[in-house]
Amino acid sequence: MVNRLSSSFFIAIALMMMSIAMLPIIRSAFGIDDAIQIQFFTAIMLLIGGLMCGLTGMLLLVKRQPQLPEASSEANSKHADTNSQAAMIHASGLLIFTGIPLANFLACYFIWVNTRSESRVLDTHGREAICQQITLYLYLLVSMFMALLIVGVFAALLLLLLHLVFTIIAIIKAKGGAVFRYPANISIIDRHILPTPLS
């Protein structure tokens, strides 16, 4: 049943639910409202629902991407700005700190889909980064369930801090021509690693 629904349907529902949960917090942070105009439990439940819909949409998007043929995937792997494009794929993960729901995944997915046919290097970096974005949202979903016990708030903050550190390391490695394997990254899609070091 889920496979028959469009991934954009789930992503639209996720964006709506997460925006409703985050808007009062953002309004309060910018001083528009004196206090947060949403109850903690309501915000957590909206975030949980949004994360679940978002994860479903993300999984449908990446699982429907065709495998690249082996012959053409190596075609332009020595392109001059491959390392910069690979770094940009990883850097899109930092968009989570903008507060825009799913911005990091959508940007990462868009860059990966549009560059993956250029070289196997970019496909490899994209697969690693896509798996990281989905894994992050999965861990955040678990921490939202734990947030009902308050400890999840600290878990979510720790996850975001680790995501920041690992993303910066991945950007630096990509600029240097290497592939960074994110720790505790779940292989949502095949994350093949190039057999030889990138140059």
# chains A, B, ... in the order shown; residues from 1 in each chain; ligands from 1

$ residues_around --residues "region 17-22 of chain A" --least-positions-apart "6" --cutoff "6 Å" --atoms "only C-alpha atoms" --output "ChimeraX atom specification"
/A:43,46-47,50

$ atom_distance --atom1 "CA of Phe105 (chain A)" --atom2 "CA of Gln132 (chain A)"
9.1 Å

$ closest_residue --among "A:Asn104, A:Ala91, A:Tyr137, A:Trp112" --to "Val165 (chain A)" --atoms "only C-alpha atoms"
A:Ala91

$ closest_atom_pairs --of "region 22-108 of chain A" --to "region 139-156 of chain A" --cutoff "12 Å" --atoms "only C-alpha atoms" --output "CSV"
residue,atom,partner,partner_atom,distance
A:Phe40,CA,A:Leu148,CA,8.9
A:Phe41,CA,A:Leu148,CA,7.3
A:Thr42,CA,A:Leu148,CA,10.6
A:Ala43,CA,A:Met144,CA,9.9
A:Ile44,CA,A:Met144,CA,6.4
A:Met45,CA,A:Met144,CA,8.2
A:Leu46,CA,A:Met144,CA,10.0
A:Leu47,CA,A:Met144,CA,7.4
A:Ile48,CA,A:Leu141,CA,6.0
A:Gly49,CA,A:Leu141,CA,9.0
A:Gly50,CA,A:Leu141,CA,9.2
A:Leu51,CA,A:Leu141,CA,6.1
A:Met52,CA,A:Leu141,CA,7.3
A:Cys53,CA,A:Leu141,CA,10.7
A:Gly54,CA,A:Leu141,CA,10.3
A:Leu55,CA,A:Leu141,CA,9.2
A:Ile96,CA,A:Leu140,CA,11.7

$ residues_around --residues "region 63-66 of chain A" --least-positions-apart "6" --cutoff "9 Å" --atoms "only C-alpha atoms" --output "PyMOL selection string"
chain A and resi 113+188-189

$ closest_residue --among "A:Ser84, A:Ile36, A:Leu102, A:Phe166" --to "Ala14 (chain A)" --atoms "only C-alpha atoms"
A:Leu102

$ select_by_dssp --residues "region 69-154 of chain A" --states "alpha helix (DSSP H)" --output "MDAnalysis selection string"
chainID A and resid 70:73 82:91 103:115 120:147 151:154

$ atom_distance --atom1 "CA of Asp81 (chain A)" --atom2 "CA of Thr115 (chain A)"
11.4 Å

$ residues_around --residues "Val179 (chain A)" --least-positions-apart "3" --cutoff "7 Å" --atoms "only C-alpha atoms" --output "list in words"
His125, Lys173 and Ala174 of chain A

$ closest_residue --among "A:Thr82, A:Thr56, A:Leu68, A:Gly99" --to "Leu23 (chain A)" --atoms "only C-alpha atoms"
A:Gly99

$ closest_residue --among "A:Ile111, A:His90, A:Ala12, A:Gln37" --to "Gly57 (chain A)" --atoms "only C-alpha atoms"
A:Ala12

$ residues_around --residues "Ile169 (chain A)" --least-positions-apart "5" --cutoff "10 Å" --atoms "only C-alpha atoms" --output "list in words"
His90, His163, Leu164, Ala174, Lys175, Phe180, Arg181 and Tyr182 of chain A

$ closest_residue --among "A:Met58, A:Ala178, A:Leu161, A:Ile100" --to "Met16 (chain A)" --atoms "only C-alpha atoms"
A:Ile100
